[in-house]
$ cat target.pdb   # PDB, C-alpha atoms
ATOM      1  CA  MET A   1     130.566-258.412  55.010
ATOM      2  CA  THR A   2     131.057-258.548  58.756
ATOM      3  CA  ASP A   3     129.111-261.392  60.254
ATOM      4  CA  VAL A   4     128.823-263.387  63.448
ATOM      5  CA  ARG A   5     127.915-267.073  63.499
ATOM      6  CA  THR A   6     125.588-268.110  66.304
ATOM      7  CA  GLU A   7     124.242-271.646  66.512
ATOM      8  CA  GLY A   8     124.899-272.184  62.821
ATOM      9  CA  LEU A   9     123.097-268.992  61.737
ATOM     10  CA  ARG A  10     124.864-266.219  59.882
ATOM     11  CA  VAL A  11     123.973-262.865  61.442
ATOM     12  CA  SER A  12     124.654-259.819  59.277
ATOM     13  CA  ARG A  13     126.149-256.615  60.662
ATOM     14  CA  GLU A  14     125.888-253.183  59.104
ATOM     15  CA  VAL A  15     129.167-251.586  57.924
ATOM     16  CA  PRO A  16     129.773-248.227  56.180
ATOM     17  CA  ALA A  17     129.752-248.333  52.377
ATOM     18  CA  SER A  18     132.430-246.837  50.128
ATOM     19  CA  THR A  19     130.444-244.230  48.213
ATOM     20  CA  MET A  20     131.038-240.611  47.261
ATOM     21  CA  SER A  21     129.157-237.361  46.930
ATOM     22  CA  GLY A  22     127.309-237.016  43.666
ATOM     23  CA  TYR A  23     128.144-233.350  43.066
ATOM     24  CA  PRO A  24     131.672-233.867  41.671
ATOM     25  CA  MET A  25     130.290-236.564  39.390
ATOM     26  CA  LEU A  26     127.586-234.124  38.333
ATOM     27  CA  LEU A  27     130.347-231.926  36.896
ATOM     28  CA  VAL A  28     131.729-234.956  35.082
ATOM     29  CA  LEU A  29     128.230-235.579  33.706
ATOM     30  CA  LEU A  30     128.009-232.011  32.385
ATOM     31  CA  ALA A  31     131.459-232.350  30.828
ATOM     32  CA  ALA A  32     130.356-235.595  29.120
ATOM     33  CA  ILE A  33     127.294-233.823  27.723
ATOM     34  CA  ALA A  34     129.468-230.996  26.413
ATOM     35  CA  LEU A  35     131.897-233.497  24.845
ATOM     36  CA  THR A  36     129.029-235.325  23.148
ATOM     37  CA  VAL A  37     127.594-232.103  21.713
ATOM     38  CA  TRP A  38     131.014-230.944  20.490
ATOM     39  CA  GLY A  39     131.681-234.308  18.827
ATOM     40  CA  ALA A  40     128.296-234.240  17.098
ATOM     41  CA  LEU A  41     129.078-230.799  15.674
ATOM     42  CA  GLN A  42     132.381-232.046  14.220
ATOM     43  CA  ILE A  43     130.941-235.030  12.370
ATOM     44  CA  GLU A  44     130.366-233.229   9.045
ATOM     45  CA  GLY A  45     133.520-231.119   9.268
ATOM     46  CA  PRO A  46     137.188-231.772   8.561
ATOM     47  CA  ARG A  47     137.578-233.466  11.957
ATOM     48  CA  GLU A  48     134.839-235.976  11.343
ATOM     49  CA  MET A  49     136.618-238.995  12.833
ATOM     50  CA  LEU A  50     137.640-237.046  15.917
ATOM     51  CA  GLY A  51     134.076-235.859  16.313
ATOM     52  CA  ILE A  52     132.673-239.380  16.035
ATOM     53  CA  GLY A  53     135.123-240.654  18.651
ATOM     54  CA  ALA A  54     134.350-237.734  20.980
ATOM     55  CA  ALA A  55     130.600-238.240  20.609
ATOM     56  CA  ILE A  56     130.814-241.965  21.291
ATOM     57  CA  GLY A  57     133.121-241.415  24.248
ATOM     58  CA  GLY A  58     130.870-238.686  25.607
ATOM     59  CA  VAL A  59     127.798-240.921  25.389
ATOM     60  CA  LEU A  60     129.578-243.801  27.134
ATOM     61  CA  ILE A  61     130.820-241.519  29.930
ATOM     62  CA  LEU A  62     127.340-240.011  30.171
ATOM     63  CA  LEU A  63     125.685-243.412  30.607
ATOM     64  CA  PHE A  64     128.348-244.601  33.060
ATOM     65  CA  VAL A  65     128.044-241.549  35.293
ATOM     66  CA  ALA A  66     124.261-241.181  35.063
ATOM     67  CA  CYS A  67     123.603-244.767  36.175
ATOM     68  CA  GLY A  68     125.516-244.273  39.428
ATOM     69  CA  PHE A  69     123.435-241.447  40.930
ATOM     70  CA  TYR A  70     120.963-241.893  43.773
ATOM     71  CA  MET A  71     119.386-239.623  46.376
ATOM     72  CA  LEU A  72     119.092-240.111  50.146
ATOM     73  CA  GLN A  73     116.755-238.112  52.345
ATOM     74  CA  PRO A  74     117.277-237.552  56.110
ATOM     75  CA  ASN A  75     116.818-240.776  58.113
ATOM     76  CA  GLN A  76     117.138-242.881  54.997
ATOM     77  CA  ALA A  77     119.866-245.394  54.169
ATOM     78  CA  ALA A  78     120.931-247.384  51.131
ATOM     79  CA  ALA A  79     122.360-250.896  51.331
ATOM     80  CA  ILE A  80     124.941-251.492  48.599
ATOM     81  CA  THR A  81     125.422-254.963  47.087
ATOM     82  CA  LEU A  82     127.786-256.187  44.383
ATOM     83  CA  PHE A  83     126.744-259.390  42.598
ATOM     84  CA  GLY A  84     124.782-260.470  45.681
ATOM     85  CA  ASP A  85     127.534-259.601  48.160
ATOM     86  CA  TYR A  86     126.764-256.945  50.774
ATOM     87  CA  ARG A  87     129.280-254.076  50.465
ATOM     88  CA  GLY A  88     128.023-251.726  53.171
ATOM     89  CA  THR A  89     125.341-249.161  53.953
ATOM     90  CA  ASP A  90     125.374-245.487  52.999
ATOM     91  CA  ARG A  91     123.629-243.153  55.491
ATOM     92  CA  SER A  92     124.888-239.822  54.057
ATOM     93  CA  THR A  93     122.083-237.602  52.841
ATOM     94  CA  GLY A  94     121.879-235.704  49.568
ATOM     95  CA  LEU A  95     123.033-236.606  46.062
ATOM     96  CA  ARG A  96     125.275-239.692  46.168
ATOM     97  CA  TRP A  97     127.186-241.699  43.563
ATOM     98  CA  VAL A  98     128.476-245.257  43.396
ATOM     99  CA  LEU A  99     129.712-247.506  40.616
ATOM    100  CA  PRO A 100     126.763-248.299  38.311
ATOM    101  CA  TRP A 101     127.020-252.083  38.684
ATOM    102  CA  MET A 102     126.454-251.844  42.426
ATOM    103  CA  ILE A 103     122.800-252.328  43.465
ATOM    104  CA  ARG A 104     121.288-249.800  45.898
ATOM    105  CA  LYS A 105     118.346-250.783  48.057
ATOM    106  CA  LYS A 106     116.894-247.948  50.124
ATOM    107  CA  VAL A 107     115.680-248.514  53.688
ATOM    108  CA  SER A 108     113.866-246.021  55.910
ATOM    109  CA  VAL A 109     115.381-245.691  59.384
ATOM    110  CA  ARG A 110     112.656-243.344  60.588
ATOM    111  CA  ALA A 111     110.455-244.175  63.564
ATOM    112  CA  THR A 112     107.307-246.004  62.448
ATOM    113  CA  ASN A 113     104.042-246.275  64.358
ATOM    114  CA  PHE A 114     102.100-249.539  64.229
ATOM    115  CA  ILE A 115      98.833-250.594  65.910
ATOM    116  CA  SER A 116      98.231-254.322  66.031
ATOM    117  CA  GLU A 117      94.957-256.058  65.366
ATOM    118  CA  ARG A 118      92.749-256.998  68.308
ATOM    119  CA  ILE A 119      93.569-260.554  69.270
ATOM    120  CA  LYS A 120      91.927-262.889  71.783
ATOM    121  CA  VAL A 121      94.208-264.070  74.591
ATOM    122  CA  ASN A 122      93.521-266.276  77.615
ATOM    123  CA  GLU A 123      94.796-264.335  80.616
ATOM    124  CA  LEU A 124      96.362-265.894  83.734
ATOM    125  CA  ARG A 125      93.030-267.197  85.111
ATOM    126  CA  GLY A 126      91.929-268.550  81.744
ATOM    127  CA  ASN A 127      89.435-265.801  80.917
ATOM    128  CA  PRO A 128      89.483-264.738  77.246
ATOM    129  CA  VAL A 129      90.340-261.069  76.766
ATOM    130  CA  GLU A 130      90.820-258.888  73.699
ATOM    131  CA  ILE A 131      94.127-257.026  73.473
ATOM    132  CA  ALA A 132      95.640-254.611  70.953
ATOM    133  CA  ALA A 133      98.976-252.822  71.221
ATOM    134  CA  GLN A 134     100.612-249.765  69.713
ATOM    135  CA  ILE A 135     104.362-249.792  69.107
ATOM    136  CA  VAL A 136     106.900-247.300  67.756
ATOM    137  CA  TRP A 137     109.741-249.110  65.999
ATOM    138  CA  ARG A 138     112.670-248.281  63.721
ATOM    139  CA  VAL A 139     115.435-250.053  61.852
ATOM    140  CA  THR A 140     118.830-249.820  63.556
ATOM    141  CA  ASP A 141     120.774-252.322  61.430
ATOM    142  CA  THR A 142     119.914-252.239  57.725
ATOM    143  CA  ALA A 143     121.948-255.356  56.933
ATOM    144  CA  GLN A 144     119.982-257.478  59.397
ATOM    145  CA  ALA A 145     116.651-256.014  58.260
ATOM    146  CA  LEU A 146     117.316-256.786  54.591
ATOM    147  CA  PHE A 147     119.329-259.998  54.696
ATOM    148  CA  ASP A 148     118.455-261.839  57.943
ATOM    149  CA  VAL A 149     114.650-261.875  57.551
ATOM    150  CA  ASP A 150     112.521-262.229  54.448
ATOM    151  CA  ASP A 151     110.254-259.200  55.014
ATOM    152  CA  TYR A 152     111.116-257.126  58.075
ATOM    153  CA  LYS A 153     107.808-255.199  58.080
ATOM    154  CA  ALA A 154     105.752-258.400  58.079
ATOM    155  CA  PHE A 155     108.158-259.783  60.687
ATOM    156  CA  VAL A 156     107.276-256.879  63.013
ATOM    157  CA  VAL A 157     103.557-257.610  62.653
ATOM    158  CA  VAL A 158     103.894-261.321  63.407
ATOM    159  CA  GLN A 159     106.272-260.880  66.336
ATOM    160  CA  THR A 160     104.081-258.156  67.853
ATOM    161  CA  GLU A 161     101.130-260.542  67.920
ATOM    162  CA  ALA A 162     103.290-263.261  69.490
ATOM    163  CA  ALA A 163     104.637-260.881  72.142
ATOM    164  CA  VAL A 164     101.158-259.606  73.030
ATOM    165  CA  ARG A 165      99.919-263.180  73.455
ATOM    166  CA  SER A 166     102.910-264.065  75.616
ATOM    167  CA  VAL A 167     102.642-261.067  77.945
ATOM    168  CA  GLY A 168      98.829-261.168  78.091
ATOM    169  CA  SER A 169      98.844-264.769  79.304
ATOM    170  CA  ARG A 170     101.164-263.984  82.237
ATOM    171  CA  TYR A 171      98.819-261.689  84.144
ATOM    172  CA  ALA A 172      95.194-261.592  85.206
ATOM    173  CA  TYR A 173      92.899-259.019  83.673
ATOM    174  CA  ASP A 174      91.980-257.474  87.013
ATOM    175  CA  ASP A 175      91.938-258.268  90.733
ATOM    176  CA  LEU A 176      89.588-256.426  93.093
ATOM    177  CA  GLU A 177      90.353-258.618  96.070
ATOM    178  CA  HIS A 178      94.066-258.183  96.747
ATOM    179  CA  GLN A 179      94.856-254.887  94.996
ATOM    180  CA  GLU A 180      98.586-255.743  95.061
ATOM    181  CA  GLU A 181      98.757-258.243  92.218
ATOM    182  CA  VAL A 182     100.187-257.091  88.890
ATOM    183  CA  THR A 183      97.300-257.052  86.418
ATOM    184  CA  LEU A 184      96.782-256.065  82.806
ATOM    185  CA  ARG A 185      94.240-253.425  83.742
ATOM    186  CA  GLY A 186      95.859-251.953  86.824
ATOM    187  CA  SER A 187      99.613-252.150  86.145
ATOM    188  CA  HIS A 188     100.097-250.357  82.844
ATOM    189  CA  GLU A 189     103.717-249.352  83.387
ATOM    190  CA  VAL A 190     104.818-252.858  84.365
ATOM    191  CA  VAL A 191     102.938-254.546  81.511
ATOM    192  CA  ASN A 192     104.101-252.008  78.891
ATOM    193  CA  SER A 193     107.707-252.279  80.053
ATOM    194  CA  GLU A 194     107.630-256.070  79.873
ATOM    195  CA  LEU A 195     105.988-255.964  76.451
ATOM    196  CA  ARG A 196     108.725-253.624  75.175
ATOM    197  CA  LEU A 197     111.493-255.895  76.464
ATOM    198  CA  GLU A 198     109.759-258.908  74.903
ATOM    199  CA  LEU A 199     109.526-257.162  71.531
ATOM    200  CA  ILE A 200     113.136-255.954  71.618
ATOM    201  CA  GLU A 201     114.306-259.509  72.254
ATOM    202  CA  ARG A 202     112.154-260.905  69.442
ATOM    203  CA  LEU A 203     113.028-258.227  66.866
ATOM    204  CA  LYS A 204     116.762-257.857  67.444
ATOM    205  CA  VAL A 205     117.392-260.612  64.882
ATOM    206  CA  ALA A 206     115.920-258.239  62.261
ATOM    207  CA  GLY A 207     117.967-255.221  63.376
ATOM    208  CA  ILE A 208     114.870-253.473  64.763
ATOM    209  CA  THR A 209     114.429-251.749  68.105
ATOM    210  CA  ILE A 210     111.324-250.589  69.963
ATOM    211  CA  ASP A 211     111.208-246.962  71.147
ATOM    212  CA  GLU A 212     107.782-247.095  72.782
ATOM    213  CA  CYS A 213     104.880-249.481  73.179
ATOM    214  CA  GLY A 214     101.656-249.848  75.124
ATOM    215  CA  LEU A 215      98.236-251.467  75.149
ATOM    216  CA  THR A 216      95.600-249.525  73.236
ATOM    217  CA  HIS A 217      92.680-251.911  73.788
ATOM    218  CA  LEU A 218      91.952-254.211  76.701
ATOM    219  CA  ALA A 219      88.568-255.790  77.369
ATOM    220  CA  TYR A 220      86.938-259.092  78.183
ATOM    221  CA  ALA A 221      85.862-261.115  75.165
ATOM    222  CA  PRO A 222      82.187-260.594  74.225
ATOM    223  CA  GLU A 223      81.114-264.090  75.334
ATOM    224  CA  ILE A 224      82.033-263.416  78.984
ATOM    225  CA  ALA A 225      81.912-259.622  79.128
ATOM    226  CA  SER A 226      78.435-259.405  80.696
ATOM    227  CA  ALA A 227      79.184-262.078  83.304
ATOM    228  CA  MET A 228      82.492-260.481  84.282
ATOM    229  CA  LEU A 229      80.802-257.083  84.500
ATOM    230  CA  ARG A 230      78.291-258.443  86.990
ATOM    231  CA  ARG A 231      81.139-260.027  88.943
ATOM    232  CA  GLN A 232      83.004-256.735  89.082
ATOM    233  CA  GLN A 233      79.867-254.902  90.161
ATOM    234  CA  ALA A 234      79.230-257.449  92.922
ATOM    235  CA  GLN A 235      82.810-257.170  94.156
ATOM    236  CA  ALA A 236      82.565-253.389  94.111
ATOM    237  CA  VAL A 237      79.324-253.482  96.132
ATOM    238  CA  VAL A 238      80.864-255.838  98.709
ATOM    239  CA  ALA A 239      83.940-253.627  99.024
ATOM    240  CA  ALA A 240      81.801-250.504  99.401
ATOM    241  CA  ARG A 241      79.599-252.199 102.025
ATOM    242  CA  ALA A 242      82.627-253.299 103.998
ATOM    243  CA  THR A 243      83.963-249.739 104.051
ATOM    244  CA  LEU A 244      80.542-248.366 105.011
ATOM    245  CA  VAL A 245      80.068-250.830 107.874
ATOM    246  CA  ALA A 246      83.569-250.197 109.222
ATOM    247  CA  GLY A 247      82.900-246.468 109.238
ATOM    248  CA  ALA A 248      79.477-246.877 110.854
ATOM    249  CA  VAL A 249      80.893-249.034 113.654
ATOM    250  CA  GLY A 250      83.479-246.365 114.384
ATOM    251  CA  MET A 251      80.873-243.636 114.480
ATOM    252  CA  VAL A 252      78.599-245.634 116.804
ATOM    253  CA  GLU A 253      81.490-246.383 119.118
ATOM    254  CA  MET A 254      82.474-242.723 119.192
ATOM    255  CA  ALA A 255      78.869-241.644 119.918
ATOM    256  CA  LEU A 256      78.469-244.077 122.822
ATOM    257  CA  ASP A 257      81.831-243.122 124.333
ATOM    258  CA  SER A 258      81.008-239.425 124.056
ATOM    259  CA  LEU A 259      77.612-239.878 125.750
ATOM    260  CA  SER A 260      79.172-241.846 128.584
ATOM    261  CA  GLN A 261      82.053-239.435 129.150
ATOM    262  CA  LYS A 262      79.836-236.341 129.227
ATOM    263  CA  GLY A 263      77.162-238.021 131.358
ATOM    264  CA  VAL A 264      74.373-237.026 129.028
ATOM    265  CA  VAL A 265      72.460-240.228 129.630
ATOM    266  CA  GLU A 266      73.030-243.480 131.451
ATOM    267  CA  LEU A 267      72.367-246.520 129.251
ATOM    268  CA  ASP A 268      71.992-250.082 130.392
ATOM    269  CA  ASP A 269      72.883-252.964 128.066
ATOM    270  CA  GLU A 270      69.417-253.200 126.539
ATOM    271  CA  ARG A 271      69.181-249.481 125.821
ATOM    272  CA  ARG A 272      72.736-249.472 124.483
ATOM    273  CA  ALA A 273      71.874-252.333 122.121
ATOM    274  CA  THR A 274      68.759-250.543 120.928
ATOM    275  CA  MET A 275      70.693-247.354 120.294
ATOM    276  CA  VAL A 276      73.403-249.241 118.409
ATOM    277  CA  SER A 277      70.749-250.924 116.250
ATOM    278  CA  ASN A 278      69.071-247.603 115.439
ATOM    279  CA  LEU A 279      72.345-245.886 114.579
ATOM    280  CA  MET A 280      73.467-248.742 112.347
ATOM    281  CA  VAL A 281      70.154-248.638 110.492
ATOM    282  CA  VAL A 282      70.517-244.886 109.979
ATOM    283  CA  LEU A 283      74.169-245.052 108.885
ATOM    284  CA  CYS A 284      74.071-248.185 106.741
ATOM    285  CA  GLY A 285      70.609-248.006 105.210
ATOM    286  CA  GLU A 286      70.267-247.289 101.504
ATOM    287  CA  ARG A 287      67.281-245.008 102.106
ATOM    288  CA  GLU A 288      66.818-242.105 104.447
ATOM    289  CA  ALA A 289      65.612-243.158 107.897
ATOM    290  CA  GLN A 290      62.052-242.176 108.897
ATOM    291  CA  PRO A 291      61.846-241.014 112.539
ATOM    292  CA  VAL A 292      59.207-242.569 114.794
ATOM    293  CA  VAL A 293      58.013-240.642 117.845
ATOM    294  CA  ASN A 294      57.655-242.813 120.935
ATOM    295  CA  ALA A 295      55.114-241.275 123.332
ATOM    296  CA  GLY A 296      55.694-243.929 125.981
ATOM    297  CA  THR A 297      58.807-245.443 127.485
ATOM    298  CA  LEU A 298      61.599-247.337 125.773
ATOM    299  CA  TYR A 299      60.121-250.661 126.920
ATOM    300  CA  GLN A 300      56.620-250.070 125.556
TER     301      GLN A 300
END
$ encode --input "target.pdb" --output "structure tokens"
Amino acid sequence: MTDVRTEGLRVSREVPASTMSGYPMLLVLLAAIALTVWGALQIEGPREMLGIGAAIGGVLILLFVACGFYMLQPNQAAAITLFGDYRGTDRSTGLRWVLPWMIRKKVSVRATNFISERIKVNELRGNPVEIAAQIVWRVTDTAQALFDVDDYKAFVVVQTEAAVRSVGSRYAYDDLEHQEEVTLRGSHEVVNSELRLELIERLKVAGITIDECGLTHLAYAPEIASAMLRRQQAQAVVAARATLVAGAVGMVEMALDSLSQKGVVELDDERRATMVSNLMVVLCGEREAQPVVNAGTLYQ
């Protein structure tokens, strides 16, 4: 077995196994059956001893050949061991044959989809959030998957939870103030890419790679969800008000400049202030403005 020693740990490496196609051995199996039948027919005849020997030999050959067959489907592999020693991995599909005393352990190398449980994580600002992730993983090294970890499927589950906790604690859930900070809610590509790299690093010891991953659930924990919702709503209202006021100021400025340039009306400072106040009320008010007819002068 090819292996690399790193910090005192023996890391397995997959190597091709010495196996053969099962179809030639299938012919041998049929020949053994024919030999057994012929020997059984000769037992009560003049060639009784020859028949007994042929029947016994046929049965032994039959058992020897039959115990070495195994089948591999596409994207399936078989790790071969001999008395506990790894002898290689067979990835050839179809009917295969190996010496009967060699143990075959089949491993699927197909892509597997896994959705983690929802776990509670304290994000960068200390707020508890619930996170769940979906990953697509597959075995790339059968020797590592079988011999370097106890249960590679359970290993994927545990390491996924650890990676989600690690990545979730590095970023804030959301940020409405700066809009440039990397957040769990607003930077999906960055977070998913970092989560994939984290998982690849954690799972390479088991000969597993990650093809795709992403967050499937992200929300504040129930105990703070209502408070954080009110905070988000307040921040959204403030942001909307700021945009509305900035737009209203621009419109008022444009209206005053247009009136002055076209000479429609001459306004002193007091009248200009009154007009600005009225326009701001109209533009920024939550309800429709109600006109009031002034039958006198502006100063009455």
$ closest_residue --input "target.pdb" --among "A:Asn122, A:Ser18, A:Gln134, A:Thr183" --to "A:Leu215" --atoms "only C-alpha atoms"
A:Gln134
$ resolve_selection --input "target.pdb" --expression "the PyMOL selection byres ((chain A and resi 74) around 9)" --output "ChimeraX atom specification"
/A:72-73,75-77,91-94,109-110
$ closest_atom_pairs --input "target.pdb" --of "stretch 31-114 of chain A" --to "stretch 153-162 of chain A" --cutoff "12 Å" --atoms "only C-alpha atoms" --output "CSV"
residue,atom,partner,partner_atom,distance
A:Val107,CA,A:Lys153,CA,11.2
A:Ser108,CA,A:Lys153,CA,11.2
A:Thr112,CA,A:Lys153,CA,10.2
A:Asn113,CA,A:Val156,CA,11.2
A:Phe114,CA,A:Val157,CA,8.4
$ atom_distance --input "target.pdb" --atom1 "atom CA of A:Trp137" --atom2 "atom CA of A:Val164"
15.3 Å
$ atom_distance --input "target.pdb" --atom1 "atom CA of A:Ile115" --atom2 "atom CA of A:Ile210"
13.1 Å
$ residues_around --input "target.pdb" --residues "A:Leu146" --least-positions-apart "3" --cutoff "9 Å" --atoms "all atoms listed in the file" --output "PyMOL selection string"
chain A and resi 79+105+107+141-143+149-152+206-207
$ write_last_selection --input "target.pdb" --atoms "C-alpha atoms" --output "compact mmCIF listing (two decimals), in the frame of the given file"
# COMPACT_ATOMS: atom_id res chain seq x y z
CA ALA A 79 122.36 -250.90 51.33
CA LYS A 105 118.35 -250.78 48.06
CA VAL A 107 115.68 -248.51 53.69
CA ASP A 141 120.77 -252.32 61.43
CA THR A 142 119.91 -252.24 57.72
CA ALA A 143 121.95 -255.36 56.93
CA VAL A 149 114.65 -261.88 57.55
CA ASP A 150 112.52 -262.23 54.45
CA ASP A 151 110.25 -259.20 55.01
CA TYR A 152 111.12 -257.13 58.08
CA ALA A 206 115.92 -258.24 62.26
CA GLY A 207 117.97 -255.22 63.38
$ atom_distance --input "target.pdb" --atom1 "atom CA of A:Val98" --atom2 "atom CA of A:Met25"
9.7 Å
$ residues_around --input "target.pdb" --residues "A:Val182" --least-positions-apart "3" --cutoff "12 Å" --atoms "only C-alpha atoms" --output "PDB file with C-alpha atoms, in the coordinates of the input"
ATOM      1  CA  LEU A 124      96.362-265.894  83.734  1.00  0.00           C
ATOM      2  CA  VAL A 167     102.642-261.067  77.945  1.00  0.00           C
ATOM      3  CA  GLY A 168      98.829-261.168  78.091  1.00  0.00           C
ATOM      4  CA  ARG A 170     101.164-263.984  82.237  1.00  0.00           C
ATOM      5  CA  TYR A 171      98.819-261.689  84.144  1.00  0.00           C
ATOM      6  CA  ALA A 172      95.194-261.592  85.206  1.00  0.00           C
ATOM      7  CA  TYR A 173      92.899-259.019  83.673  1.00  0.00           C
ATOM      8  CA  ASP A 174      91.980-257.474  87.013  1.00  0.00           C
ATOM      9  CA  ASP A 175      91.938-258.268  90.733  1.00  0.00           C
ATOM     10  CA  LEU A 176      89.588-256.426  93.093  1.00  0.00           C
ATOM     11  CA  HIS A 178      94.066-258.183  96.747  1.00  0.00           C
ATOM     12  CA  GLN A 179      94.856-254.887  94.996  1.00  0.00           C
ATOM     13  CA  ARG A 185      94.240-253.425  83.742  1.00  0.00           C
ATOM     14  CA  GLY A 186      95.859-251.953  86.824  1.00  0.00           C
ATOM     15  CA  SER A 187      99.613-252.150  86.145  1.00  0.00           C
ATOM     16  CA  HIS A 188     100.097-250.357  82.844  1.00  0.00           C
ATOM     17  CA  GLU A 189     103.717-249.352  83.387  1.00  0.00           C
ATOM     18  CA  VAL A 190     104.818-252.858  84.365  1.00  0.00           C
ATOM     19  CA  VAL A 191     102.938-254.546  81.511  1.00  0.00           C
ATOM     20  CA  ASN A 192     104.101-252.008  78.891  1.00  0.00           C
ATOM     21  CA  GLU A 194     107.630-256.070  79.873  1.00  0.00           C
TER      22      GLU A 194
END
$ residues_around --input "target.pdb" --residues "A:Tyr86" --least-positions-apart "5" --cutoff "10 Å" --atoms "only C-alpha atoms" --output "ChimeraX atom specification"
/A:1-2,12-15,17,79-81,102-103,143,147
$ axis_aligned_box --input "target.pdb" --around "stretch 103-120 of chain A" --padding-each-side "3 Å" --output "lines of an AutoDock Vina configuration file"
center_x = 107.4
center_y = -253.1
center_z = 57.6
size_x = 36.9
size_y = 25.5
size_z = 34.3
$ closest_residue --input "target.pdb" --among "A:Val205, A:Ile119, A:Leu218, A:Ala66" --to "A:Leu30" --atoms "only C-alpha atoms"
A:Ala66
$ closest_residue --input "target.pdb" --among "A:Gln42, A:Thr89, A:Ser258, A:Thr216" --to "A:Ala132" --atoms "all atoms listed in the file"
A:Thr216
$ build_atoms --input "target.pdb" --residues "stretch 183-200 of chain A" --atoms "N, CA and C atoms" --output "PDB file, in the frame of the given file"
ATOM      1  N   THR A 183      98.374-256.682  87.336  1.00  0.00           N
ATOM      2  CA  THR A 183      97.300-257.052  86.418  1.00  0.00           C
ATOM      3  C   THR A 183      97.419-256.257  85.126  1.00  0.00           C
ATOM      4  N   LEU A 184      96.761-256.761  84.090  1.00  0.00           N
ATOM      5  CA  LEU A 184      96.782-256.065  82.806  1.00  0.00           C
ATOM      6  C   LEU A 184      96.098-254.716  82.888  1.00  0.00           C
ATOM      7  N   ARG A 185      95.034-254.654  83.665  1.00  0.00           N
ATOM      8  CA  ARG A 185      94.240-253.425  83.742  1.00  0.00           C
ATOM      9  C   ARG A 185      94.824-252.409  84.719  1.00  0.00           C
ATOM     10  N   GLY A 186      95.434-252.873  85.783  1.00  0.00           N
ATOM     11  CA  GLY A 186      95.859-251.953  86.824  1.00  0.00           C
ATOM     12  C   GLY A 186      97.339-251.651  86.869  1.00  0.00           C
ATOM     13  N   SER A 187      98.154-252.349  86.084  1.00  0.00           N
ATOM     14  CA  SER A 187      99.613-252.150  86.145  1.00  0.00           C
ATOM     15  C   SER A 187     100.145-251.839  84.753  1.00  0.00           C
ATOM     16  N   HIS A 188      99.747-250.695  84.219  1.00  0.00           N
ATOM     17  CA  HIS A 188     100.097-250.357  82.844  1.00  0.00           C
ATOM     18  C   HIS A 188     101.606-250.239  82.651  1.00  0.00           C
ATOM     19  N   GLU A 189     102.293-249.570  83.563  1.00  0.00           N
ATOM     20  CA  GLU A 189     103.717-249.352  83.387  1.00  0.00           C
ATOM     21  C   GLU A 189     104.490-250.674  83.383  1.00  0.00           C
ATOM     22  N   VAL A 190     104.132-251.573  84.293  1.00  0.00           N
ATOM     23  CA  VAL A 190     104.818-252.858  84.365  1.00  0.00           C
ATOM     24  C   VAL A 190     104.561-253.674  83.101  1.00  0.00           C
ATOM     25  N   VAL A 191     103.300-253.745  82.688  1.00  0.00           N
ATOM     26  CA  VAL A 191     102.938-254.546  81.511  1.00  0.00           C
ATOM     27  C   VAL A 191     103.579-253.966  80.246  1.00  0.00           C
ATOM     28  N   ASN A 192     103.515-252.637  80.086  1.00  0.00           N
ATOM     29  CA  ASN A 192     104.101-252.008  78.891  1.00  0.00           C
ATOM     30  C   ASN A 192     105.613-252.192  78.846  1.00  0.00           C
ATOM     31  N   SER A 193     106.256-252.081  80.012  1.00  0.00           N
ATOM     32  CA  SER A 193     107.707-252.279  80.053  1.00  0.00           C
ATOM     33  C   SER A 193     108.081-253.706  79.685  1.00  0.00           C
ATOM     34  N   GLU A 194     107.333-254.668  80.190  1.00  0.00           N
ATOM     35  CA  GLU A 194     107.630-256.070  79.873  1.00  0.00           C
ATOM     36  C   GLU A 194     107.347-256.371  78.408  1.00  0.00           C
ATOM     37  N   LEU A 195     106.297-255.763  77.867  1.00  0.00           N
ATOM     38  CA  LEU A 195     105.988-255.964  76.451  1.00  0.00           C
ATOM     39  C   LEU A 195     107.099-255.382  75.579  1.00  0.00           C
ATOM     40  N   ARG A 196     107.630-254.233  75.947  1.00  0.00           N
ATOM     41  CA  ARG A 196     108.725-253.624  75.175  1.00  0.00           C
ATOM     42  C   ARG A 196     109.967-254.508  75.197  1.00  0.00           C
ATOM     43  N   LEU A 197     110.330-255.021  76.376  1.00  0.00           N
ATOM     44  CA  LEU A 197     111.493-255.895  76.464  1.00  0.00           C
ATOM     45  C   LEU A 197     111.289-257.182  75.651  1.00  0.00           C
ATOM     46  N   GLU A 198     110.074-257.699  75.682  1.00  0.00           N
ATOM     47  CA  GLU A 198     109.759-258.908  74.903  1.00  0.00           C
ATOM     48  C   GLU A 198     109.914-258.642  73.409  1.00  0.00           C
ATOM     49  N   LEU A 199     109.433-257.494  72.952  1.00  0.00           N
ATOM     50  CA  LEU A 199     109.526-257.162  71.531  1.00  0.00           C
ATOM     51  C   LEU A 199     110.968-256.905  71.110  1.00  0.00           C
ATOM     52  N   ILE A 200     111.732-256.209  71.948  1.00  0.00           N
ATOM     53  CA  ILE A 200     113.136-255.954  71.618  1.00  0.00           C
ATOM     54  C   ILE A 200     113.893-257.271  71.444  1.00  0.00           C
TER      55      ILE A 200
END
